[in-house]
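Since the structure comes first, as structure tokens, the remarks are kept for the end.
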Amino acid sequence: SILANGKGTERMLTMYRSTIVDRTAEHSRVLHALAEDSVPALMHCAAGKDRAGLSIAVSLLAVGVEREAIEADYLKSNDPHRRYKVKRSDMSETGMSAEVMELLNPLFGAEAAYLAAAFAAIDETWGTTDRYLAEGLKVSPETRERLRERLLDQG
């Protein structure tokens with residue numbers, strides 16, 4: 001199976017790393033839109049933890065939020081009222097068996113290791129968050145300041 005023996009988790013770790021490294025243009029567009037004119041903004045996704053979750057994490061990094069706080073926010077995706085729900089067809093006897101759910105769980109859960117893989121990709125590729133933002137995403141210090149002004153509660 002493509003998800004057995006930890007392969008599901010490995011696929012997720014790889015996806016989080018590659019999203020950071022390969023999707024710099026997309027993350028740059030999000031940050032520039034937020035800095036210029038797109039506030040308030042709505043970001044949504046089926047589960048809101050992978051692509052959308054990484055976009056939010058990158059936005060939080062850009063305004064100076066600590067990684068530990070970003071992780072805590074990301075892990076709220078696992079809260080029972082926010083957890084992605086798998087719906088099975090009434091026609092399927094085995095669709096929601098414990099074995100199937102064990103294979104699928106890495107795909108549906110928000111795991112600290114996934115976000116850690118994304119942060120590790122930043123560190124390994126750019127060395128620091130500041131370099132990732134400046135060189136990888138082409139976000140200037142002035143743009144970061146506009147983001148802070150628009151997104152942070154100054155109270």
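Letters A, B, ... go to the chains of the structure tokens in the order shown; residues in each chain start at 1; ligands are counted from 1 in the same order.
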Near-Arg67 (chain A) list (9 Å; only C-alpha atoms; drop same-chain fewer than 5 positions) as a count of residues only: 5
With a distance cut-off of 9 Å and only C-alpha atoms, select the neighbouring residues of Leu151 (chain A), excluding the residue or stretch itself and same-chain residues fewer than 2 positions from it, and output the selection as a PDB file with C-alpha atoms, in the first residue's frame.
ATOM      1  CA  LEU A  34      -2.065  41.040   2.592  1.00  0.00           C
ATOM      2  CA  ALA A  35       0.410  43.910   2.852  1.00  0.00           C
ATOM      3  CA  VAL A  39      -7.332  42.684   4.533  1.00  0.00           C
ATOM      4  CA  PRO A  40      -9.494  41.276   5.870  1.00  0.00           C
ATOM      5  CA  VAL A  63       4.996  39.349  11.192  1.00  0.00           C
ATOM      6  CA  ARG A 146       3.089  46.901   6.575  1.00  0.00           C
ATOM      7  CA  LEU A 147       2.045  43.340   7.365  1.00  0.00           C
ATOM      8  CA  ARG A 148       2.626  43.935  11.079  1.00  0.00           C
ATOM      9  CA  GLU A 149       0.611  47.172  10.938  1.00  0.00           C
ATOM     10  CA  ASP A 153      -3.314  44.015  17.241  1.00  0.00           C
TER      11      ASP A 153
END
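CA of Leu137 (chain A) lies 4.7 Å from CA of Ser28 (chain A).
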Secondary structure check, helix (DSSP H, G or I) residues of chain A, as an MDAnalysis selection string: chainID A and resid 7:22 24:36 51:62 67:78 98:108 112:126 129:136 141:151
Selected residue of minimal separation from Phe108 (chain A) among A:Ser38, A:Asn5, A:Asp50, A:Arg23, counting only C-alpha atoms: A:Asp50
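In this comparison, which uses only C-alpha atoms, the residue of A:Val65, A:Leu13, A:Ala134, A:Cys45 approaching Leu115 (chain A) most closely is A:Leu13.
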